[in-house]
$ cat upload_13.txt   # compact mmCIF, C-alpha atoms and all ligand atoms
# COMPACT_ATOMS: atom_id res chain seq x y z
CA MET A 1 -60.23 20.31 -52.73
CA LYS A 2 -62.36 18.65 -50.05
CA LEU A 3 -64.16 15.49 -51.02
CA ILE A 4 -66.48 13.17 -49.11
CA LEU A 5 -67.11 9.55 -50.07
CA ILE A 6 -70.28 7.90 -48.80
CA GLY A 7 -71.29 4.28 -49.25
CA ILE A 8 -72.04 1.12 -47.33
CA GLN A 9 -69.19 -1.07 -46.23
CA GLY A 10 -68.08 -2.98 -49.33
CA SER A 11 -69.06 -0.20 -51.74
CA GLY A 12 -65.44 0.31 -52.76
CA LYS A 13 -65.09 3.80 -51.33
CA SER A 14 -61.69 3.16 -49.77
CA THR A 15 -60.40 1.81 -53.11
CA GLN A 16 -61.69 4.94 -54.85
CA GLY A 17 -60.44 7.18 -52.05
CA ASN A 18 -56.90 5.83 -52.32
CA LEU A 19 -56.91 6.08 -56.12
CA LEU A 20 -58.17 9.67 -56.04
CA SER A 21 -55.64 10.54 -53.38
CA GLN A 22 -52.79 9.46 -55.70
CA GLN A 23 -54.32 11.04 -58.81
CA LEU A 24 -55.20 14.36 -57.23
CA GLY A 25 -52.36 14.56 -54.71
CA ILE A 26 -54.75 15.06 -51.80
CA SER A 27 -54.54 13.23 -48.46
CA TYR A 28 -57.02 10.46 -47.76
CA LEU A 29 -58.57 9.97 -44.33
CA SER A 30 -60.80 7.09 -43.25
CA SER A 31 -62.63 7.55 -39.95
CA GLY A 32 -62.99 3.76 -39.67
CA HIS A 33 -59.21 3.49 -39.91
CA ILE A 34 -58.74 6.03 -37.11
CA PHE A 35 -61.17 4.13 -34.90
CA ARG A 36 -59.56 0.76 -35.66
CA ASP A 37 -56.21 2.22 -34.53
CA MET A 38 -57.78 3.64 -31.39
CA ALA A 39 -59.51 0.30 -30.66
CA ARG A 40 -56.06 -1.27 -30.19
CA GLU A 41 -55.26 1.06 -27.30
CA LYS A 42 -55.57 -0.56 -23.89
CA THR A 43 -57.41 2.38 -22.38
CA PRO A 44 -61.08 2.74 -21.36
CA LEU A 45 -61.68 4.80 -24.55
CA GLY A 46 -59.89 2.18 -26.69
CA ARG A 47 -61.95 -0.63 -25.17
CA TYR A 48 -65.18 1.33 -25.60
CA ILE A 49 -64.43 2.01 -29.26
CA LYS A 50 -63.52 -1.63 -29.87
CA GLU A 51 -66.78 -2.90 -28.35
CA THR A 52 -68.87 -0.35 -30.24
CA MET A 53 -67.19 -1.12 -33.57
CA ASN A 54 -67.28 -4.86 -33.13
CA ALA A 55 -71.03 -4.69 -32.57
CA GLY A 56 -71.45 -2.61 -35.75
CA PHE A 57 -72.72 0.48 -33.93
CA LEU A 58 -71.60 4.01 -34.64
CA ILE A 59 -69.32 5.93 -32.29
CA PRO A 60 -71.29 8.83 -30.72
CA ASP A 61 -71.33 12.04 -32.78
CA ASP A 62 -69.55 14.31 -30.29
CA LYS A 63 -66.64 11.87 -29.89
CA THR A 64 -66.42 11.30 -33.65
CA LEU A 65 -66.44 15.01 -34.47
CA GLU A 66 -63.81 15.77 -31.85
CA ILE A 67 -61.49 13.02 -33.12
CA VAL A 68 -61.89 13.69 -36.86
CA GLU A 69 -61.53 17.46 -36.47
CA GLU A 70 -58.37 16.95 -34.42
CA TYR A 71 -56.93 14.77 -37.21
CA LEU A 72 -57.78 17.31 -39.87
CA LYS A 73 -55.64 19.91 -38.11
CA LYS A 74 -52.53 18.00 -39.22
CA SER A 75 -50.45 19.70 -41.91
CA GLU A 76 -51.03 16.93 -44.47
CA TYR A 77 -54.71 17.94 -44.67
CA LYS A 78 -53.98 21.65 -45.06
CA ASN A 79 -54.55 21.62 -48.83
CA GLY A 80 -57.67 19.49 -48.71
CA TYR A 81 -58.68 15.92 -48.08
CA ILE A 82 -60.72 12.95 -49.17
CA LEU A 83 -62.90 11.72 -46.32
CA ASP A 84 -64.10 8.14 -46.23
CA GLY A 85 -66.73 7.20 -43.63
CA PHE A 86 -67.33 10.67 -42.25
CA PRO A 87 -69.81 12.33 -41.83
CA ARG A 88 -72.13 9.41 -41.23
CA THR A 89 -75.03 11.13 -39.47
CA VAL A 90 -76.88 14.37 -40.20
CA ALA A 91 -75.69 15.77 -36.86
CA GLN A 92 -72.06 15.19 -37.95
CA ALA A 93 -72.71 16.71 -41.39
CA LYS A 94 -74.38 19.81 -39.93
CA LYS A 95 -71.57 20.48 -37.47
CA PHE A 96 -68.93 19.78 -40.10
CA ALA A 97 -69.61 22.69 -42.42
CA ASN A 98 -66.15 22.88 -43.92
CA GLY A 99 -66.53 24.11 -47.49
CA ILE A 100 -66.91 20.70 -49.08
CA THR A 101 -66.18 20.65 -52.84
CA ALA A 102 -68.16 17.52 -53.70
CA VAL A 103 -69.78 14.49 -52.10
CA PHE A 104 -69.87 11.15 -53.91
CA TYR A 105 -72.40 8.53 -52.92
CA ILE A 106 -71.05 5.24 -54.24
CA LYS A 107 -74.16 3.18 -54.48
CA VAL A 108 -74.20 -0.62 -54.30
CA SER A 109 -77.04 -2.88 -53.20
CA ASP A 110 -76.90 -4.52 -49.76
CA LYS A 111 -76.74 -7.88 -51.52
CA GLU A 112 -73.71 -6.90 -53.62
CA ALA A 113 -71.93 -5.45 -50.56
CA LEU A 114 -72.53 -8.60 -48.51
CA TRP A 115 -71.36 -10.75 -51.40
CA ARG A 116 -68.12 -8.76 -51.72
CA LEU A 117 -67.52 -8.74 -47.96
CA ALA A 118 -68.15 -12.48 -47.64
CA GLY A 119 -65.22 -12.95 -50.03
CA ARG A 120 -63.05 -10.48 -48.17
CA ASP A 121 -63.86 -12.03 -44.79
CA GLU A 122 -62.01 -15.23 -45.57
CA GLU A 123 -58.82 -13.22 -45.45
CA GLY A 124 -59.71 -12.40 -41.85
CA VAL A 125 -58.60 -8.81 -42.25
CA ARG A 126 -61.04 -7.26 -39.83
CA GLU A 127 -62.02 -8.43 -36.41
CA ASP A 128 -65.22 -6.35 -36.51
CA ASN A 129 -66.54 -8.13 -39.59
CA THR A 130 -68.87 -10.71 -38.09
CA LEU A 131 -72.08 -11.22 -40.09
CA LYS A 132 -74.10 -9.76 -37.22
CA ALA A 133 -71.92 -6.62 -37.15
CA LEU A 134 -72.13 -6.28 -40.93
CA MET A 135 -75.93 -6.48 -40.87
CA LYS A 136 -76.04 -3.93 -38.08
CA ARG A 137 -73.68 -1.62 -40.01
CA ILE A 138 -75.85 -1.88 -43.11
CA SER A 139 -78.97 -1.07 -41.11
CA GLU A 140 -77.19 1.87 -39.42
CA PHE A 141 -76.31 3.10 -42.91
CA HIS A 142 -79.92 3.05 -44.07
CA ILE A 143 -81.25 4.69 -40.93
CA LYS A 144 -78.52 7.23 -40.13
CA THR A 145 -76.40 7.79 -43.25
CA LYS A 146 -79.06 7.87 -46.00
CA PRO A 147 -80.34 11.19 -44.55
CA VAL A 148 -76.77 12.56 -44.91
CA ILE A 149 -77.02 11.86 -48.66
CA GLU A 150 -80.26 13.86 -48.80
CA PHE A 151 -78.63 16.63 -46.75
CA TYR A 152 -75.88 17.08 -49.36
CA ARG A 153 -78.29 16.56 -52.27
CA GLU A 154 -80.24 19.58 -51.03
CA LYS A 155 -77.00 21.54 -50.82
CA GLY A 156 -76.44 20.68 -54.48
CA ASN A 157 -72.98 19.11 -54.31
CA LEU A 158 -73.93 15.42 -54.28
CA TYR A 159 -73.08 13.02 -57.10
CA GLU A 160 -74.55 9.56 -57.14
CA ILE A 161 -72.24 6.97 -58.69
CA ASP A 162 -73.13 3.40 -59.65
CA GLY A 163 -70.70 1.44 -57.45
CA GLU A 164 -71.43 -1.87 -59.15
CA LYS A 165 -69.48 -0.87 -62.25
CA ASP A 166 -65.81 -1.60 -62.86
CA VAL A 167 -63.34 0.14 -60.50
CA ASN A 168 -61.74 2.12 -63.36
CA VAL A 169 -65.10 3.16 -64.80
CA ILE A 170 -66.17 4.48 -61.39
CA ASN A 171 -62.87 6.28 -61.01
CA ARG A 172 -63.19 7.98 -64.41
CA GLU A 173 -66.76 8.99 -63.61
CA ILE A 174 -65.68 10.66 -60.35
CA LEU A 175 -62.77 12.46 -62.05
CA GLN A 176 -65.08 13.64 -64.81
CA LYS A 177 -67.54 15.08 -62.27
CA LEU A 178 -64.60 16.95 -60.78
CA GLY A 179 -63.74 18.33 -64.21
CA LYS A 180 -60.49 16.30 -64.40
P1 LIG B 201 -65.71 1.85 -41.57
O1 LIG B 201 -64.30 1.38 -41.72
O2 LIG B 201 -65.95 3.16 -42.24
O3 LIG B 201 -66.70 0.79 -41.98
O4 LIG B 201 -65.94 2.11 -40.00
C1 LIG B 201 -65.84 1.08 -39.07
C2 LIG B 201 -66.54 1.46 -37.78
O5 LIG B 201 -65.94 2.66 -37.23
C3 LIG B 201 -68.01 1.79 -37.91
O6 LIG B 201 -68.83 0.64 -37.89
C4 LIG B 201 -68.22 2.66 -36.67
O7 LIG B 201 -68.29 1.89 -35.49
C5 LIG B 201 -66.94 3.47 -36.62
N1 LIG B 201 -67.06 4.72 -37.41
C6 LIG B 201 -66.36 5.07 -38.52
N2 LIG B 201 -66.70 6.29 -38.95
C7 LIG B 201 -67.66 6.75 -38.12
C8 LIG B 201 -68.44 7.94 -38.05
N3 LIG B 201 -68.29 8.93 -38.95
N4 LIG B 201 -69.34 8.04 -37.04
C9 LIG B 201 -69.49 7.08 -36.14
N5 LIG B 201 -68.80 5.93 -36.14
C10 LIG B 201 -67.89 5.75 -37.12
$ encode --input "upload_13.txt" --output "structure tokens"
Amino acid sequence: MKLILIGIQGSGKSTQGNLLSQQLGISYLSSGHIFRDMAREKTPLGRYIKETMNAGFLIPDDKTLEIVEEYLKKSEYKNGYILDGFPRTVAQAKKFANGITAVFYIKVSDKEALWRLAGRDEEGVREDNTLKALMKRISEFHIKTKPVIEFYREKGNLYEIDGEKDVNVINREILQKLGK
């Protein structure tokens, strides 16, 4: 099974991704996580990724595709995967035609996402979570990722989920759509 989770930062897609990974026994992969790891490398590429992420911009499509596809060659993804944060542009989605089972758009309002992230920020978990970067990331989502949702909707495998409901309710809704 190959699943894609789409949603703005703070939509709860990593929470759902990790839950589904345990329930379905499928590996979870977050492109943001890969890039955060790479941003720690003291190489020109590592520094470039760090600067791009910290400003809230997207990593260019060719680089992103190359890196994610390389990761997906690992044996743990052989039987399927749950992707969080990828594809994020129509160009990525078009080039990544990999027999996707279902795409879940976990929808929360910008206001709700900012509210949740403001709470999370106090823990200081992410260096790239300045308000300016968050606003940029939200605007990148509306401009570049919303068309990805329409792309999959046209393909007929998109499910829109109300991300403002309780975590367990959302989880049950996703499982139900998957016939579980
Ligand atoms: P996330 O953890 O999904 O919010 O991703 C954090 C950051 O990683 C984003 O703001 C981008 O800079 C970068 N990133 C993650 N996934 C992608 C992607 N599919 N395409 C381009 N950039 C990405």
$ closest_atom_pairs --input "upload_13.txt" --of "chain A" --to "ligand LIG 201 (chain B)" --cutoff "6 Å" --atoms "only C-alpha atoms and all ligand atoms" --output "JSON lines"
{"residue": "A:Gln9", "atom": "CA", "partner": "B:LIG201", "partner_atom": "O3", "distance": 5.3}
{"residue": "A:Ser31", "atom": "CA", "partner": "B:LIG201", "partner_atom": "N2", "distance": 4.4}
{"residue": "A:Gly32", "atom": "CA", "partner": "B:LIG201", "partner_atom": "O4", "distance": 3.4}
{"residue": "A:His33", "atom": "CA", "partner": "B:LIG201", "partner_atom": "O1", "distance": 5.8}
{"residue": "A:Phe35", "atom": "CA", "partner": "B:LIG201", "partner_atom": "O5", "distance": 5.5}
{"residue": "A:Thr52", "atom": "CA", "partner": "B:LIG201", "partner_atom": "O7", "distance": 5.7}
{"residue": "A:Met53", "atom": "CA", "partner": "B:LIG201", "partner_atom": "O7", "distance": 3.7}
{"residue": "A:Gly56", "atom": "CA", "partner": "B:LIG201", "partner_atom": "O6", "distance": 4.7}
{"residue": "A:Phe57", "atom": "CA", "partner": "B:LIG201", "partner_atom": "O7", "distance": 4.9}
{"residue": "A:Leu58", "atom": "CA", "partner": "B:LIG201", "partner_atom": "N5", "distance": 3.7}
{"residue": "A:Ile59", "atom": "CA", "partner": "B:LIG201", "partner_atom": "N5", "distance": 3.9}
{"residue": "A:Pro60", "atom": "CA", "partner": "B:LIG201", "partner_atom": "C9", "distance": 6.0}
{"residue": "A:Thr64", "atom": "CA", "partner": "B:LIG201", "partner_atom": "N4", "distance": 5.5}
{"residue": "A:Gly85", "atom": "CA", "partner": "B:LIG201", "partner_atom": "O2", "distance": 4.3}
{"residue": "A:Phe86", "atom": "CA", "partner": "B:LIG201", "partner_atom": "N3", "distance": 3.9}
{"residue": "A:Pro87", "atom": "CA", "partner": "B:LIG201", "partner_atom": "N3", "distance": 4.7}
{"residue": "A:Arg88", "atom": "CA", "partner": "B:LIG201", "partner_atom": "N3", "distance": 4.5}
{"residue": "A:Arg137", "atom": "CA", "partner": "B:LIG201", "partner_atom": "O6", "distance": 5.8}
$ write_last_selection --input "upload_13.txt" --atoms "C-alpha atoms" --output "mmCIF file, in the frame of the given file"
data_model
loop_
_atom_site.group_PDB
_atom_site.id
_atom_site.type_symbol
_atom_site.label_atom_id
_atom_site.label_comp_id
_atom_site.auth_asym_id
_atom_site.auth_seq_id
_atom_site.Cartn_x
_atom_site.Cartn_y
_atom_site.Cartn_z
ATOM 1 C CA GLN A 9 -69.190 -1.070 -46.230
ATOM 2 C CA SER A 31 -62.630 7.550 -39.950
ATOM 3 C CA GLY A 32 -62.990 3.760 -39.670
ATOM 4 C CA HIS A 33 -59.210 3.490 -39.910
ATOM 5 C CA PHE A 35 -61.170 4.130 -34.900
ATOM 6 C CA THR A 52 -68.870 -0.350 -30.240
ATOM 7 C CA MET A 53 -67.190 -1.120 -33.570
ATOM 8 C CA GLY A 56 -71.450 -2.610 -35.750
ATOM 9 C CA PHE A 57 -72.720 0.480 -33.930
ATOM 10 C CA LEU A 58 -71.600 4.010 -34.640
ATOM 11 C CA ILE A 59 -69.320 5.930 -32.290
ATOM 12 C CA PRO A 60 -71.290 8.830 -30.720
ATOM 13 C CA THR A 64 -66.420 11.300 -33.650
ATOM 14 C CA GLY A 85 -66.730 7.200 -43.630
ATOM 15 C CA PHE A 86 -67.330 10.670 -42.250
ATOM 16 C CA PRO A 87 -69.810 12.330 -41.830
ATOM 17 C CA ARG A 88 -72.130 9.410 -41.230
ATOM 18 C CA ARG A 137 -73.680 -1.620 -40.010
#
$ closest_residue --input "upload_13.txt" --among "A:Leu178, A:Phe151, A:Tyr81, A:Val167" --to "Thr15 (chain A)" --atoms "all atoms listed in the file"
A:Val167
$ atom_distance --input "upload_13.txt" --atom1 "CA of Pro147 (chain A)" --atom2 "CA of Val90 (chain A)"
6.4 Å
$ residues_near_point --input "upload_13.txt" --point "(-71.8, 17.4, -52.3)" --cutoff "6 Å" --atoms "all atoms listed in the file" --output "number ranges by chain"
A: 102-103, 152, 157-158
$ closest_residue --input "upload_13.txt" --among "A:Val108, A:Ile26, A:Ile82, A:Ala55" --to "Ile170 (chain A)" --atoms "all atoms listed in the file"
A:Val108
$ closest_residue --input "upload_13.txt" --among "A:Asp84, A:Glu76, A:Glu140, A:Asp110" --to "Gly17 (chain A)" --atoms "all atoms listed in the file"
A:Asp84
$ closest_residue --input "upload_13.txt" --among "A:Gly10, A:Arg153, A:Asn54, A:Gly25" --to "Phe104 (chain A)" --atoms "all atoms listed in the file"
A:Arg153
$ atom_distance --input "upload_13.txt" --atom1 "CA of Ile4 (chain A)" --atom2 "CA of Ala118 (chain A)"
25.7 Å
$ closest_residue --input "upload_13.txt" --among "A:Asp128, A:Glu112, A:Glu173, A:Glu70" --to "Arg36 (chain A)" --atoms "all atoms listed in the file"
A:Asp128
$ atom_distance --input "upload_13.txt" --atom1 "CA of Ile67 (chain A)" --atom2 "CA of Met1 (chain A)"
21.0 Å
$ closest_residue --input "upload_13.txt" --among "A:Ala39, A:Leu175, A:Leu134, A:Leu3" --to "Gln23 (chain A)" --atoms "all atoms listed in the file"
A:Leu175
$ residues_near_point --input "upload_13.txt" --point "(-76.8, 7.9, -50.2)" --cutoff "9 Å" --atoms "only C-alpha atoms" --output "list in words"
Ile6, Gly7, Ile8, Phe104, Tyr105, Ile106, Lys107, Phe141, His142, Thr145, Lys146, Pro147, Val148, Ile149, Glu150 and Glu160 of chain A
$ build_atoms --input "upload_13.txt" --residues "region 38-52 of chain A" --atoms "N, CA, C and O atoms" --output "PDB file, in the frame of the given file"
ATOM      1  N   MET A  38     -57.476   3.298 -32.779  1.00  0.00           N
ATOM      2  CA  MET A  38     -57.780   3.640 -31.390  1.00  0.00           C
ATOM      3  C   MET A  38     -58.270   2.422 -30.606  1.00  0.00           C
ATOM      4  O   MET A  38     -58.030   2.307 -29.401  1.00  0.00           O
ATOM      5  N   ALA A  39     -58.949   1.493 -31.318  1.00  0.00           N
ATOM      6  CA  ALA A  39     -59.510   0.300 -30.660  1.00  0.00           C
ATOM      7  C   ALA A  39     -58.400  -0.628 -30.148  1.00  0.00           C
ATOM      8  O   ALA A  39     -58.640  -1.496 -29.316  1.00  0.00           O
ATOM      9  N   ARG A  40     -57.183  -0.432 -30.642  1.00  0.00           N
ATOM     10  CA  ARG A  40     -56.060  -1.270 -30.190  1.00  0.00           C
ATOM     11  C   ARG A  40     -55.460  -0.761 -28.889  1.00  0.00           C
ATOM     12  O   ARG A  40     -54.690  -1.449 -28.237  1.00  0.00           O
ATOM     13  N   GLU A  41     -55.809   0.485 -28.531  1.00  0.00           N
ATOM     14  CA  GLU A  41     -55.260   1.060 -27.300  1.00  0.00           C
ATOM     15  C   GLU A  41     -55.891   0.434 -26.076  1.00  0.00           C
ATOM     16  O   GLU A  41     -57.099   0.267 -26.012  1.00  0.00           O
ATOM     17  N   LYS A  42     -55.053   0.091 -25.106  1.00  0.00           N
ATOM     18  CA  LYS A  42     -55.570  -0.560 -23.890  1.00  0.00           C
ATOM     19  C   LYS A  42     -55.975   0.487 -22.861  1.00  0.00           C
ATOM     20  O   LYS A  42     -55.440   0.566 -21.763  1.00  0.00           O
ATOM     21  N   THR A  43     -56.892   1.322 -23.256  1.00  0.00           N
ATOM     22  CA  THR A  43     -57.410   2.380 -22.380  1.00  0.00           C
ATOM     23  C   THR A  43     -58.933   2.223 -22.344  1.00  0.00           C
ATOM     24  O   THR A  43     -59.502   1.547 -23.209  1.00  0.00           O
ATOM     25  N   PRO A  44     -59.609   2.856 -21.372  1.00  0.00           N
ATOM     26  CA  PRO A  44     -61.080   2.740 -21.360  1.00  0.00           C
ATOM     27  C   PRO A  44     -61.688   3.208 -22.685  1.00  0.00           C
ATOM     28  O   PRO A  44     -62.600   2.575 -23.209  1.00  0.00           O
ATOM     29  N   LEU A  45     -61.144   4.299 -23.275  1.00  0.00           N
ATOM     30  CA  LEU A  45     -61.680   4.800 -24.550  1.00  0.00           C
ATOM     31  C   LEU A  45     -61.434   3.767 -25.665  1.00  0.00           C
ATOM     32  O   LEU A  45     -62.326   3.482 -26.462  1.00  0.00           O
ATOM     33  N   GLY A  46     -60.231   3.193 -25.683  1.00  0.00           N
ATOM     34  CA  GLY A  46     -59.890   2.180 -26.690  1.00  0.00           C
ATOM     35  C   GLY A  46     -60.824   0.971 -26.592  1.00  0.00           C
ATOM     36  O   GLY A  46     -61.335   0.490 -27.611  1.00  0.00           O
ATOM     37  N   ARG A  47     -61.073   0.536 -25.361  1.00  0.00           N
ATOM     38  CA  ARG A  47     -61.950  -0.630 -25.170  1.00  0.00           C
ATOM     39  C   ARG A  47     -63.383  -0.304 -25.576  1.00  0.00           C
ATOM     40  O   ARG A  47     -64.076  -1.117 -26.183  1.00  0.00           O
ATOM     41  N   TYR A  48     -63.823   0.907 -25.250  1.00  0.00           N
ATOM     42  CA  TYR A  48     -65.180   1.330 -25.600  1.00  0.00           C
ATOM     43  C   TYR A  48     -65.353   1.365 -27.119  1.00  0.00           C
ATOM     44  O   TYR A  48     -66.342   0.857 -27.671  1.00  0.00           O
ATOM     45  N   ILE A  49     -64.364   1.923 -27.800  1.00  0.00           N
ATOM     46  CA  ILE A  49     -64.430   2.010 -29.260  1.00  0.00           C
ATOM     47  C   ILE A  49     -64.436   0.611 -29.880  1.00  0.00           C
ATOM     48  O   ILE A  49     -65.221   0.315 -30.786  1.00  0.00           O
ATOM     49  N   LYS A  50     -63.595  -0.256 -29.343  1.00  0.00           N
ATOM     50  CA  LYS A  50     -63.520  -1.630 -29.870  1.00  0.00           C
ATOM     51  C   LYS A  50     -64.873  -2.333 -29.746  1.00  0.00           C
ATOM     52  O   LYS A  50     -65.368  -2.924 -30.703  1.00  0.00           O
ATOM     53  N   GLU A  51     -65.480  -2.238 -28.568  1.00  0.00           N
ATOM     54  CA  GLU A  51     -66.780  -2.900 -28.350  1.00  0.00           C
ATOM     55  C   GLU A  51     -67.845  -2.329 -29.278  1.00  0.00           C
ATOM     56  O   GLU A  51     -68.643  -3.068 -29.856  1.00  0.00           O
ATOM     57  N   THR A  52     -67.861  -1.014 -29.401  1.00  0.00           N
ATOM     58  CA  THR A  52     -68.870  -0.350 -30.240  1.00  0.00           C
ATOM     59  C   THR A  52     -68.705  -0.770 -31.699  1.00  0.00           C
ATOM     60  O   THR A  52     -69.669  -1.139 -32.371  1.00  0.00           O
TER      61      THR A  52
END
